[in-house]
>>> print(open('structure12.txt').read())   # compact mmCIF, C-alpha atoms
# COMPACT_ATOMS: atom_id res chain seq x y z
CA MET H 151 0.00 0.00 0.00
CA THR H 152 1.26 3.49 -0.85
CA ALA H 153 1.56 5.86 2.12
CA LEU H 154 -0.58 8.73 0.85
CA ALA H 155 -0.86 11.98 2.78
CA THR H 156 -4.27 12.76 4.29
CA ARG H 157 -6.26 15.97 4.65
CA GLU H 158 -9.25 16.83 6.80
CA ILE H 159 -12.71 17.54 5.37
CA GLY H 160 -13.55 20.99 6.72
CA THR H 161 -13.68 20.82 10.51
CA THR H 162 -15.38 17.42 10.62
CA GLY H 163 -12.40 15.42 11.84
CA LEU H 164 -12.88 13.13 8.83
CA LYS H 165 -9.55 12.60 7.09
CA VAL H 166 -9.20 11.39 3.51
CA PRO H 167 -6.19 10.40 1.38
CA VAL H 168 -5.11 13.03 -1.15
CA LEU H 169 -5.77 10.46 -3.88
CA GLY H 170 -9.16 8.79 -3.91
CA PHE H 171 -11.14 6.69 -6.36
CA GLY H 172 -13.89 8.10 -8.58
CA SER H 173 -16.24 5.35 -9.72
CA ALA H 174 -18.31 7.08 -12.42
CA PRO H 175 -16.53 5.13 -15.20
CA LEU H 176 -17.52 1.87 -13.49
CA GLY H 177 -21.09 2.70 -14.49
CA ASP H 178 -20.09 1.84 -18.08
CA ILE H 179 -19.75 5.42 -19.27
CA TYR H 180 -17.63 4.73 -22.37
CA GLU H 181 -17.69 0.93 -22.56
CA LYS H 182 -19.34 -2.09 -21.02
CA ILE H 183 -16.77 -3.11 -18.44
CA PRO H 184 -16.51 -6.81 -17.64
CA GLU H 185 -17.61 -7.42 -14.06
CA ALA H 186 -14.39 -9.14 -13.03
CA ARG H 187 -12.28 -6.23 -14.25
CA ALA H 188 -14.53 -3.68 -12.57
CA LEU H 189 -14.27 -5.45 -9.21
CA ALA H 190 -10.51 -5.89 -9.60
CA THR H 191 -10.22 -2.14 -10.21
CA VAL H 192 -12.01 -1.30 -6.97
CA GLN H 193 -9.85 -3.83 -5.12
CA ALA H 194 -6.71 -2.27 -6.60
CA ALA H 195 -7.78 1.14 -5.28
CA TYR H 196 -8.23 -0.30 -1.80
CA ASP H 197 -4.94 -2.19 -1.92
CA THR H 198 -2.91 0.82 -3.10
CA GLY H 199 -4.25 3.12 -0.39
CA CYS H 200 -6.76 5.19 -2.42
CA ARG H 201 -9.33 4.55 0.28
CA LEU H 202 -11.76 7.35 -0.45
CA PHE H 203 -14.44 5.85 -2.69
CA ASP H 204 -16.88 8.18 -4.43
CA THR H 205 -19.94 6.86 -6.21
CA ALA H 206 -23.54 7.84 -7.00
CA PRO H 207 -26.87 6.28 -8.02
CA LEU H 208 -26.55 8.01 -11.41
CA TYR H 209 -23.37 6.16 -12.38
CA GLY H 210 -24.65 3.33 -14.52
CA TYR H 211 -28.05 3.72 -12.86
CA GLY H 212 -26.95 1.87 -9.73
CA LEU H 213 -24.22 -0.28 -11.29
CA SER H 214 -21.33 1.72 -9.84
CA GLU H 215 -22.72 1.54 -6.31
CA HIS H 216 -23.18 -2.22 -6.65
CA ARG H 217 -19.62 -2.71 -7.90
CA VAL H 218 -17.99 -0.49 -5.29
CA GLY H 219 -20.07 -2.00 -2.51
CA HIS H 220 -19.34 -5.58 -3.56
CA VAL H 221 -15.64 -5.02 -2.86
CA ILE H 222 -15.50 -2.59 0.04
CA ARG H 223 -18.17 -4.26 2.16
CA GLN H 224 -15.72 -7.13 2.59
CA GLN H 225 -13.17 -4.76 4.19
CA PRO H 226 -13.12 -3.39 7.78
CA ARG H 227 -15.59 -0.51 7.76
CA ASP H 228 -13.21 1.95 9.41
CA SER H 229 -10.49 1.29 6.83
CA TYR H 230 -12.05 3.44 4.09
CA VAL H 231 -14.16 6.55 3.52
CA LEU H 232 -17.32 6.26 1.42
CA SER H 233 -19.08 9.04 -0.47
CA THR H 234 -22.29 8.87 -2.48
CA LYS H 235 -25.03 11.23 -3.58
CA VAL H 236 -28.71 12.12 -3.37
CA GLY H 237 -31.08 13.86 -5.77
CA ARG H 238 -32.25 10.90 -7.86
CA TRP H 239 -34.00 7.62 -7.15
CA LEU H 240 -33.94 4.70 -9.57
CA LYS H 241 -37.12 3.33 -11.10
CA PRO H 242 -37.03 -0.26 -12.47
CA THR H 243 -37.86 0.12 -16.16
CA PRO H 244 -38.06 -2.15 -19.26
CA PRO H 245 -34.74 -1.87 -21.13
CA GLU H 246 -36.30 -0.55 -24.33
CA GLN H 247 -37.86 2.38 -22.44
CA ILE H 248 -34.67 3.57 -20.73
CA ASP H 249 -32.89 6.74 -21.78
CA ARG H 250 -29.28 5.63 -21.27
CA GLY H 251 -27.84 9.13 -21.73
CA GLN H 252 -24.06 8.92 -21.63
CA TRP H 253 -23.99 5.38 -20.26
CA ILE H 254 -23.13 2.59 -22.68
CA GLY H 255 -24.29 -0.08 -20.24
CA GLY H 256 -25.68 0.08 -16.72
CA LEU H 257 -28.66 -1.43 -14.95
CA ASN H 258 -32.25 -1.44 -16.17
CA MET H 259 -33.27 1.53 -14.07
CA GLN H 260 -34.40 5.03 -14.97
CA PRO H 261 -33.22 7.90 -12.72
CA VAL H 262 -35.94 10.20 -11.41
CA TYR H 263 -34.97 13.61 -9.98
CA ASP H 264 -36.07 14.06 -6.39
CA TYR H 265 -34.54 16.73 -4.14
CA SER H 266 -37.35 16.54 -1.60
CA TYR H 267 -36.89 16.06 2.13
CA ASP H 268 -38.65 12.69 2.30
CA GLY H 269 -37.20 11.55 -1.02
CA THR H 270 -33.68 12.18 0.25
CA PHE H 271 -34.09 9.79 3.17
CA ARG H 272 -35.44 7.16 0.77
CA GLU H 273 -32.51 7.66 -1.61
CA VAL H 274 -30.00 7.20 1.21
CA GLU H 275 -31.70 3.95 2.24
CA HIS H 276 -31.60 2.69 -1.36
CA SER H 277 -27.89 3.51 -1.65
CA LEU H 278 -27.10 1.70 1.60
CA GLN H 279 -28.83 -1.40 0.23
CA ARG H 280 -26.99 -1.24 -3.12
CA LEU H 281 -23.67 -0.70 -1.36
CA GLY H 282 -24.34 -3.36 1.27
CA VAL H 283 -22.91 -1.27 4.12
CA GLU H 284 -24.40 0.16 7.28
CA ARG H 285 -23.21 3.74 6.90
CA ILE H 286 -22.00 6.38 4.46
CA ASP H 287 -19.41 8.97 5.47
CA ILE H 288 -20.02 11.75 2.94
CA LEU H 289 -23.38 12.59 1.33
CA LEU H 290 -23.59 15.07 -1.53
CA ILE H 291 -26.54 16.63 -3.34
CA HIS H 292 -25.95 15.72 -6.97
CA ASP H 293 -26.04 17.92 -10.07
CA VAL H 294 -27.87 21.05 -8.98
CA ASP H 295 -26.49 23.14 -11.83
CA ILE H 296 -27.39 24.63 -15.20
CA TRP H 297 -25.14 22.14 -16.99
CA THR H 298 -27.41 19.31 -15.81
CA HIS H 299 -30.84 20.93 -15.90
CA GLY H 300 -30.42 22.90 -19.10
CA THR H 301 -31.84 26.34 -18.27
CA ARG H 302 -31.49 28.98 -15.59
CA GLU H 303 -35.18 28.60 -14.75
CA ALA H 304 -34.93 24.83 -14.25
CA TYR H 305 -31.76 25.22 -12.20
CA GLU H 306 -33.36 27.83 -9.92
CA GLU H 307 -36.30 25.53 -9.26
CA ARG H 308 -34.07 22.54 -8.51
CA TYR H 309 -31.76 24.61 -6.31
CA LYS H 310 -34.67 25.75 -4.13
CA GLN H 311 -35.91 22.16 -3.83
CA ALA H 312 -32.42 21.00 -2.87
CA VAL H 313 -31.89 23.61 -0.16
CA ASP H 314 -35.37 23.24 1.33
CA GLY H 315 -35.45 19.45 0.96
CA SER H 316 -32.24 17.52 0.46
CA PHE H 317 -29.92 19.75 2.47
CA ARG H 318 -32.33 19.88 5.40
CA ALA H 319 -32.48 16.07 5.42
CA LEU H 320 -28.70 15.73 5.18
CA ALA H 321 -28.19 18.27 7.97
CA GLU H 322 -30.41 16.16 10.22
CA LEU H 323 -28.39 13.04 9.41
CA ARG H 324 -25.20 14.97 10.20
CA SER H 325 -26.53 16.29 13.50
CA GLN H 326 -27.50 12.73 14.50
CA GLY H 327 -24.01 11.49 13.70
CA VAL H 328 -25.31 9.21 10.92
CA VAL H 329 -23.08 10.90 8.33
CA LYS H 330 -19.88 12.86 8.93
CA ALA H 331 -19.83 15.39 6.08
CA ILE H 332 -22.44 16.82 3.71
CA GLY H 333 -22.40 19.09 0.71
CA MET H 334 -22.92 19.11 -3.04
CA GLY H 335 -21.42 17.49 -6.14
CA VAL H 336 -21.55 19.68 -9.26
CA ASN H 337 -19.73 20.74 -12.42
CA GLU H 338 -20.07 24.51 -11.85
CA ILE H 339 -18.75 27.16 -9.47
CA GLU H 340 -21.94 29.17 -8.91
CA PRO H 341 -23.97 26.50 -7.04
CA CYS H 342 -21.04 26.02 -4.65
CA LYS H 343 -20.93 29.72 -3.83
CA ARG H 344 -24.69 29.84 -3.33
CA LEU H 345 -24.94 26.83 -1.06
CA ALA H 346 -21.92 28.00 0.96
CA THR H 347 -23.76 31.29 1.53
CA ASP H 348 -27.24 29.83 2.13
CA ALA H 349 -26.24 26.87 4.32
CA ASP H 350 -23.32 25.26 6.13
CA PRO H 351 -21.82 22.52 3.93
CA ASP H 352 -18.64 20.67 4.85
CA VAL H 353 -17.49 19.71 1.37
CA PHE H 354 -18.09 20.07 -2.35
CA LEU H 355 -17.22 17.62 -5.04
CA LEU H 356 -16.25 19.97 -7.85
CA ALA H 357 -15.68 18.26 -11.19
CA GLY H 358 -13.19 19.71 -13.66
CA ARG H 359 -13.31 23.36 -12.62
CA TYR H 360 -9.98 23.72 -10.85
CA THR H 361 -7.38 21.96 -12.92
CA LEU H 362 -4.09 22.50 -14.70
CA LEU H 363 -6.18 23.71 -17.63
CA GLU H 364 -8.57 26.09 -15.86
CA GLN H 365 -8.47 27.74 -12.45
CA GLU H 366 -11.96 29.01 -11.76
CA GLY H 367 -13.02 30.10 -8.29
CA LEU H 368 -9.67 31.49 -7.13
CA ASP H 369 -11.05 34.99 -6.56
CA ASP H 370 -14.33 34.13 -4.87
CA LEU H 371 -15.02 30.48 -4.06
CA MET H 372 -11.67 29.64 -2.48
CA PRO H 373 -11.65 32.68 -0.16
CA LEU H 374 -15.18 31.68 0.86
CA ALA H 375 -13.93 28.17 1.62
CA ARG H 376 -11.20 29.59 3.85
CA GLN H 377 -13.67 31.85 5.62
CA LYS H 378 -16.33 29.17 6.21
CA LYS H 379 -13.90 26.26 6.58
CA PHE H 380 -15.22 23.82 4.00
CA SER H 381 -13.25 21.57 1.68
CA PHE H 382 -13.31 20.19 -1.84
CA LEU H 383 -12.99 16.82 -3.44
CA LEU H 384 -11.77 17.40 -6.97
CA GLY H 385 -13.28 15.19 -9.65
CA GLY H 386 -12.19 15.22 -13.26
CA PRO H 387 -8.58 16.35 -12.71
CA PHE H 388 -7.84 15.43 -16.33
CA ASN H 389 -10.80 17.48 -17.66
CA SER H 390 -12.46 14.28 -18.98
CA GLY H 391 -9.24 12.94 -20.47
CA ILE H 392 -7.16 15.48 -22.36
CA LEU H 393 -4.77 16.15 -19.45
CA ALA H 394 -4.09 12.42 -19.27
CA THR H 395 -3.86 11.58 -22.97
CA GLY H 396 -2.36 14.87 -24.15
CA PRO H 397 -3.65 16.73 -27.22
CA ILE H 398 -4.13 13.63 -29.37
CA GLU H 399 -6.81 13.23 -32.01
CA GLY H 400 -10.15 12.58 -30.34
CA ALA H 401 -8.98 13.81 -26.93
CA LYS H 402 -11.92 14.50 -24.62
CA TYR H 403 -12.60 17.79 -22.84
CA ASN H 404 -15.74 18.07 -20.68
CA TYR H 405 -16.95 14.74 -22.08
CA LYS H 406 -16.76 15.97 -25.70
CA PRO H 407 -14.02 16.15 -28.36
CA ALA H 408 -11.64 18.96 -27.36
CA PRO H 409 -11.95 22.16 -29.44
CA PRO H 410 -8.87 23.57 -31.23
CA GLU H 411 -8.11 26.25 -28.63
CA ILE H 412 -8.05 23.65 -25.83
CA LEU H 413 -5.84 21.33 -27.86
CA GLU H 414 -3.38 24.17 -28.44
CA ARG H 415 -3.28 25.19 -24.78
CA VAL H 416 -2.63 21.60 -23.72
CA ARG H 417 0.15 21.33 -26.31
CA ARG H 418 1.87 24.31 -24.71
CA ILE H 419 1.41 22.92 -21.18
CA GLU H 420 2.74 19.55 -22.26
CA ALA H 421 5.80 21.16 -23.85
CA VAL H 422 6.72 22.79 -20.53
CA CYS H 423 6.24 19.48 -18.72
CA LYS H 424 8.52 17.72 -21.19
CA ARG H 425 11.27 20.26 -20.57
CA HIS H 426 11.23 19.18 -16.94
CA THR H 427 10.83 15.46 -17.70
CA VAL H 428 7.46 15.38 -15.96
CA PRO H 429 4.47 13.56 -17.44
CA LEU H 430 1.60 15.91 -18.25
CA ALA H 431 -0.74 13.70 -16.24
CA ALA H 432 1.49 13.91 -13.15
CA ALA H 433 1.39 17.72 -13.25
CA ALA H 434 -2.38 17.59 -13.76
CA ILE H 435 -3.14 15.24 -10.89
CA GLN H 436 -0.89 17.06 -8.40
CA PHE H 437 -1.48 20.71 -9.31
CA PRO H 438 -4.84 21.23 -7.51
CA LEU H 439 -3.32 20.16 -4.18
CA GLY H 440 -1.53 23.51 -4.07
CA LEU H 441 -4.77 24.72 -2.49
CA PRO H 442 -5.09 23.39 1.07
CA GLU H 443 -8.88 23.59 0.69
CA ILE H 444 -8.71 20.71 -1.79
CA ALA H 445 -8.70 17.61 0.36
CA SER H 446 -8.51 14.92 -2.29
CA ILE H 447 -8.22 14.28 -6.02
CA ILE H 448 -10.56 11.54 -7.22
CA PRO H 449 -9.80 10.42 -10.78
CA GLY H 450 -11.70 7.52 -12.26
CA ALA H 451 -10.30 4.22 -13.46
CA VAL H 452 -11.63 1.22 -15.36
CA LYS H 453 -8.77 -1.23 -14.87
CA PRO H 454 -6.27 -1.94 -12.09
CA GLU H 455 -3.40 -0.65 -14.23
CA GLU H 456 -5.01 2.79 -14.27
CA VAL H 457 -5.27 2.82 -10.48
CA HIS H 458 -1.57 1.98 -10.19
CA ALA H 459 -0.73 4.62 -12.82
CA ASN H 460 -2.65 7.31 -10.91
CA THR H 461 -0.75 6.42 -7.74
CA ARG H 462 2.59 6.70 -9.54
CA LEU H 463 1.55 10.05 -11.03
CA MET H 464 0.54 11.39 -7.62
CA THR H 465 3.94 10.55 -6.18
CA HIS H 466 6.08 11.60 -9.18
CA PRO H 467 8.63 14.31 -8.21
CA ILE H 468 7.87 17.71 -9.77
CA PRO H 469 10.36 20.61 -9.57
CA ALA H 470 9.07 24.02 -8.51
CA ALA H 471 10.56 25.45 -11.71
CA LEU H 472 7.87 23.71 -13.75
CA TRP H 473 5.12 25.71 -12.09
CA ASP H 474 7.18 28.90 -12.46
CA ASP H 475 7.60 28.29 -16.19
CA LEU H 476 3.88 27.67 -16.66
CA ARG H 477 3.12 31.01 -14.99
CA GLU H 478 5.73 32.85 -17.06
CA GLU H 479 4.15 31.53 -20.24
CA GLY H 480 0.67 32.56 -19.12
CA LEU H 481 -0.51 28.98 -18.74
CA LEU H 482 -1.37 29.27 -15.04
CA ARG H 483 -3.32 32.06 -13.42
CA GLU H 484 -1.36 34.37 -11.18
CA GLY H 485 -2.14 33.53 -7.59
CA SER H 486 -2.76 29.85 -8.24
CA PRO H 487 -0.55 28.11 -5.64
CA ALA H 488 1.53 25.12 -6.63
CA PRO H 489 1.86 22.02 -4.45
CA SER H 490 4.94 21.83 -2.29
>>> encode(input="structure12.txt", output="structure tokens")
Amino acid sequence: MTALATREIGTTGLKVPVLGFGSAPLGDIYEKIPEARALATVQAAYDTGCRLFDTAPLYGYGLSEHRVGHVIRQQPRDSYVLSTKVGRWLKPTPPEQIDRGQWIGGLNMQPVYDYSYDGTFREVEHSLQRLGVERIDILLIHDVDIWTHGTREAYEERYKQAVDGSFRALAELRSQGVVKAIGMGVNEIEPCKRLATDADPDVFLLAGRYTLLEQEGLDDLMPLARQKKFSFLLGGPFNSGILATGPIEGAKYNYKPAPPEILERVRRIEAVCKRHTVPLAAAAIQFPLGLPEIASIIPGAVKPEEVHANTRLMTHPIPAALWDDLREEGLLREGSPAPS
């Protein structure tokens, strides 16, 4: 097992390794993953020390939770940290009637949005049953953003439901000691700022918005985190792939083929990394940890080799001069701290 550093989630006392395991790909997002390989991937994460496991009902419409739970429920419960999400319940549905969305495979369930107070308790119970464990450490309200709901009007309606319903339910679970940390998992900065102002979250799972490629939130969200003492789990450190693969043909950015301007920016970043003999992916996976508010990086993986590769990247030596060169070439925002 790799001895990974740990960081605390807000002021909860809950400590997580700086490298966790994101299980969205285990919901068959780009391919139908053989069951044996999926389970071996989760086991590899546990064995290498990436013992923060993040999942959600959405990922493969329950498949990710089943796969993660099948492995980790066989381990001592205090040996790992488990995070999942609320905001959808899963309705058993005939396969031909299911809108699979971005999932190639998955279970024969159809997600139904529900950010209500009562619905949230039901969703937590369903997740516990799929996972096969008696408790969850981190609960996040999932996808309350414009990117998911399509319009400002729809987002505003869902946000109000989430604050009045889901967050109130999660706050009760936290006060009872049932869960240790609560917050939101989104792809945008604005919902994080709003919830941090309207309520008292412990943590946000922010996907792809503070990376080597883009440093949003430095001027407003991060100072708010310092003031109110909440933390971040960072999903999508490779911006859906391009910071892992490099600017190759078909490289993905935000789940779509990368546009020319993104390809060019990544080419320039990669050139600086090569001058310092540092893999682009190593710089990408380590860079966000320059902010102490970011507690853990949680890249996905679909095979054990990828888990081992992520661990090597996280521990690869990076000279301070690399970060200096990126700033000098205008490839990092001024004020974005580099990891020590």
>>> residues_near_point(input="structure12.txt", point="(-30.5, 14.2, -1.7)", cutoff="12 Å", atoms="only C-alpha atoms", output="mmCIF file with C-alpha atoms, in the coordinates of the input")
data_model
loop_
_atom_site.group_PDB
_atom_site.id
_atom_site.type_symbol
_atom_site.label_atom_id
_atom_site.label_comp_id
_atom_site.auth_asym_id
_atom_site.auth_seq_id
_atom_site.Cartn_x
_atom_site.Cartn_y
_atom_site.Cartn_z
ATOM 1 C CA ALA H 206 -23.540 7.840 -7.000
ATOM 2 C CA PRO H 207 -26.870 6.280 -8.020
ATOM 3 C CA THR H 234 -22.290 8.870 -2.480
ATOM 4 C CA LYS H 235 -25.030 11.230 -3.580
ATOM 5 C CA VAL H 236 -28.710 12.120 -3.370
ATOM 6 C CA GLY H 237 -31.080 13.860 -5.770
ATOM 7 C CA ARG H 238 -32.250 10.900 -7.860
ATOM 8 C CA TRP H 239 -34.000 7.620 -7.150
ATOM 9 C CA VAL H 262 -35.940 10.200 -11.410
ATOM 10 C CA TYR H 263 -34.970 13.610 -9.980
ATOM 11 C CA ASP H 264 -36.070 14.060 -6.390
ATOM 12 C CA TYR H 265 -34.540 16.730 -4.140
ATOM 13 C CA SER H 266 -37.350 16.540 -1.600
ATOM 14 C CA TYR H 267 -36.890 16.060 2.130
ATOM 15 C CA ASP H 268 -38.650 12.690 2.300
ATOM 16 C CA GLY H 269 -37.200 11.550 -1.020
ATOM 17 C CA THR H 270 -33.680 12.180 0.250
ATOM 18 C CA PHE H 271 -34.090 9.790 3.170
ATOM 19 C CA ARG H 272 -35.440 7.160 0.770
ATOM 20 C CA GLU H 273 -32.510 7.660 -1.610
ATOM 21 C CA VAL H 274 -30.000 7.200 1.210
ATOM 22 C CA GLU H 275 -31.700 3.950 2.240
ATOM 23 C CA HIS H 276 -31.600 2.690 -1.360
ATOM 24 C CA SER H 277 -27.890 3.510 -1.650
ATOM 25 C CA ILE H 288 -20.020 11.750 2.940
ATOM 26 C CA LEU H 289 -23.380 12.590 1.330
ATOM 27 C CA LEU H 290 -23.590 15.070 -1.530
ATOM 28 C CA ILE H 291 -26.540 16.630 -3.340
ATOM 29 C CA HIS H 292 -25.950 15.720 -6.970
ATOM 30 C CA ASP H 293 -26.040 17.920 -10.070
ATOM 31 C CA VAL H 294 -27.870 21.050 -8.980
ATOM 32 C CA ARG H 308 -34.070 22.540 -8.510
ATOM 33 C CA TYR H 309 -31.760 24.610 -6.310
ATOM 34 C CA GLN H 311 -35.910 22.160 -3.830
ATOM 35 C CA ALA H 312 -32.420 21.000 -2.870
ATOM 36 C CA VAL H 313 -31.890 23.610 -0.160
ATOM 37 C CA ASP H 314 -35.370 23.240 1.330
ATOM 38 C CA GLY H 315 -35.450 19.450 0.960
ATOM 39 C CA SER H 316 -32.240 17.520 0.460
ATOM 40 C CA PHE H 317 -29.920 19.750 2.470
ATOM 41 C CA ARG H 318 -32.330 19.880 5.400
ATOM 42 C CA ALA H 319 -32.480 16.070 5.420
ATOM 43 C CA LEU H 320 -28.700 15.730 5.180
ATOM 44 C CA ALA H 321 -28.190 18.270 7.970
ATOM 45 C CA LEU H 323 -28.390 13.040 9.410
ATOM 46 C CA ILE H 332 -22.440 16.820 3.710
ATOM 47 C CA GLY H 333 -22.400 19.090 0.710
ATOM 48 C CA MET H 334 -22.920 19.110 -3.040
ATOM 49 C CA GLY H 335 -21.420 17.490 -6.140
#
>>> closest_residue(input="structure12.txt", among="H:Pro261, H:Gly386, H:Pro489, H:Pro438", to="Ala451 in chain H", atoms="all atoms listed in the file")
H:Gly386
>>> atom_distance(input="structure12.txt", atom1="CA of Phe382 in chain H", atom2="CA of Ala433 in chain H")
18.8 Å
>>> closest_residue(input="structure12.txt", among="H:Thr361, H:Thr298, H:Gln279, H:Thr395", to="Ile447 in chain H", atoms="all atoms listed in the file")
H:Thr361
>>> residues_around(input="structure12.txt", residues="Arg415 in chain H", least_positions_apart="5", cutoff="9 Å", atoms="all atoms listed in the file", output="PyMOL selection string")
chain H and resi 363+397+410+420+481
>>> write_last_selection(input="structure12.txt", atoms="C-alpha atoms", output="PDB file, keeping the file's coordinate frame")
ATOM      1  CA  LEU H 363      -6.180  23.710 -17.630  1.00  0.00           C
ATOM      2  CA  PRO H 397      -3.650  16.730 -27.220  1.00  0.00           C
ATOM      3  CA  PRO H 410      -8.870  23.570 -31.230  1.00  0.00           C
ATOM      4  CA  GLU H 420       2.740  19.550 -22.260  1.00  0.00           C
ATOM      5  CA  LEU H 481      -0.510  28.980 -18.740  1.00  0.00           C
TER       6      LEU H 481
END
>>> closest_residue(input="structure12.txt", among="H:Gln193, H:Ser446, H:Ser214, H:Ser390", to="Ser173 in chain H", atoms="all atoms listed in the file")
H:Ser214
>>> residues_around(input="structure12.txt", residues="Asp228 in chain H", least_positions_apart="5", cutoff="12 Å", atoms="only C-alpha atoms", output="list in words")
Leu164, Lys165, Val166, Arg201, Leu202, Ile222, Arg223, Val283, Glu284, Arg285, Ile286 and Asp287 of chain H
>>> atom_distance(input="structure12.txt", atom1="CA of Gly177 in chain H", atom2="CA of Lys310 in chain H")
28.7 Å
>>> closest_residue(input="structure12.txt", among="H:Gly385, H:Gly210, H:Pro242, H:Gly199", to="His458 in chain H", atoms="all atoms listed in the file")
H:Gly199
>>> residues_around(input="structure12.txt", residues="Thr161 in chain H", least_positions_apart="5", cutoff="10 Å", atoms="all atoms listed in the file", output="compact mmCIF listing (two decimals) with C-alpha atoms, keeping the file's coordinate frame")
# COMPACT_ATOMS: atom_id res chain seq x y z
CA ALA H 331 -19.83 15.39 6.08
CA ASP H 352 -18.64 20.67 4.85
CA VAL H 353 -17.49 19.71 1.37
CA LYS H 378 -16.33 29.17 6.21
CA LYS H 379 -13.90 26.26 6.58
CA PHE H 380 -15.22 23.82 4.00
CA SER H 381 -13.25 21.57 1.68
>>> atom_distance(input="structure12.txt", atom1="CA of Ala186 in chain H", atom2="CA of Gln260 in chain H")
24.6 Å
>>> residues_near_point(input="structure12.txt", point="(-0.5, 4.2, -7.1)", cutoff="10 Å", atoms="only C-alpha atoms", output="ChimeraX atom specification")
/H:151-154,169,194-195,197-200,454-465
>>> write_last_selection(input="structure12.txt", atoms="C-alpha atoms", output="compact mmCIF listing (two decimals), in the coordinates of the input")
# COMPACT_ATOMS: atom_id res chain seq x y z
CA MET H 151 0.00 0.00 0.00
CA THR H 152 1.26 3.49 -0.85
CA ALA H 153 1.56 5.86 2.12
CA LEU H 154 -0.58 8.73 0.85
CA LEU H 169 -5.77 10.46 -3.88
CA ALA H 194 -6.71 -2.27 -6.60
CA ALA H 195 -7.78 1.14 -5.28
CA ASP H 197 -4.94 -2.19 -1.92
CA THR H 198 -2.91 0.82 -3.10
CA GLY H 199 -4.25 3.12 -0.39
CA CYS H 200 -6.76 5.19 -2.42
CA PRO H 454 -6.27 -1.94 -12.09
CA GLU H 455 -3.40 -0.65 -14.23
CA GLU H 456 -5.01 2.79 -14.27
CA VAL H 457 -5.27 2.82 -10.48
CA HIS H 458 -1.57 1.98 -10.19
CA ALA H 459 -0.73 4.62 -12.82
CA ASN H 460 -2.65 7.31 -10.91
CA THR H 461 -0.75 6.42 -7.74
CA ARG H 462 2.59 6.70 -9.54
CA LEU H 463 1.55 10.05 -11.03
CA MET H 464 0.54 11.39 -7.62
CA THR H 465 3.94 10.55 -6.18
>>> closest_residue(input="structure12.txt", among="H:Leu384, H:Ala431, H:Val416, H:Leu176", to="Tyr403 in chain H", atoms="only C-alpha atoms")
H:Val416
>>> decode(input="structure12.txt", residues="range 453-484 of chain H", atoms="C-alpha atoms", output="compact mmCIF listing (two decimals), in the first residue's frame")
# COMPACT_ATOMS: atom_id res chain seq x y z
CA LYS H 453 -8.77 -1.23 -14.87
CA PRO H 454 -6.27 -1.94 -12.09
CA GLU H 455 -3.40 -0.65 -14.23
CA GLU H 456 -5.01 2.79 -14.27
CA VAL H 457 -5.27 2.82 -10.48
CA HIS H 458 -1.57 1.98 -10.19
CA ALA H 459 -0.73 4.62 -12.82
CA ASN H 460 -2.65 7.31 -10.91
CA THR H 461 -0.75 6.42 -7.74
CA ARG H 462 2.59 6.70 -9.54
CA LEU H 463 1.55 10.05 -11.03
CA MET H 464 0.54 11.39 -7.62
CA THR H 465 3.94 10.55 -6.18
CA HIS H 466 6.08 11.60 -9.18
CA PRO H 467 8.63 14.31 -8.21
CA ILE H 468 7.87 17.71 -9.77
CA PRO H 469 10.36 20.61 -9.57
CA ALA H 470 9.07 24.02 -8.51
CA ALA H 471 10.56 25.45 -11.71
CA LEU H 472 7.87 23.71 -13.75
CA TRP H 473 5.12 25.71 -12.09
CA ASP H 474 7.18 28.90 -12.46
CA ASP H 475 7.60 28.29 -16.19
CA LEU H 476 3.88 27.67 -16.66
CA ARG H 477 3.12 31.01 -14.99
CA GLU H 478 5.73 32.85 -17.06
CA GLU H 479 4.15 31.53 -20.24
CA GLY H 480 0.67 32.56 -19.12
CA LEU H 481 -0.51 28.98 -18.74
CA LEU H 482 -1.37 29.27 -15.04
CA ARG H 483 -3.32 32.06 -13.42
CA GLU H 484 -1.36 34.37 -11.18
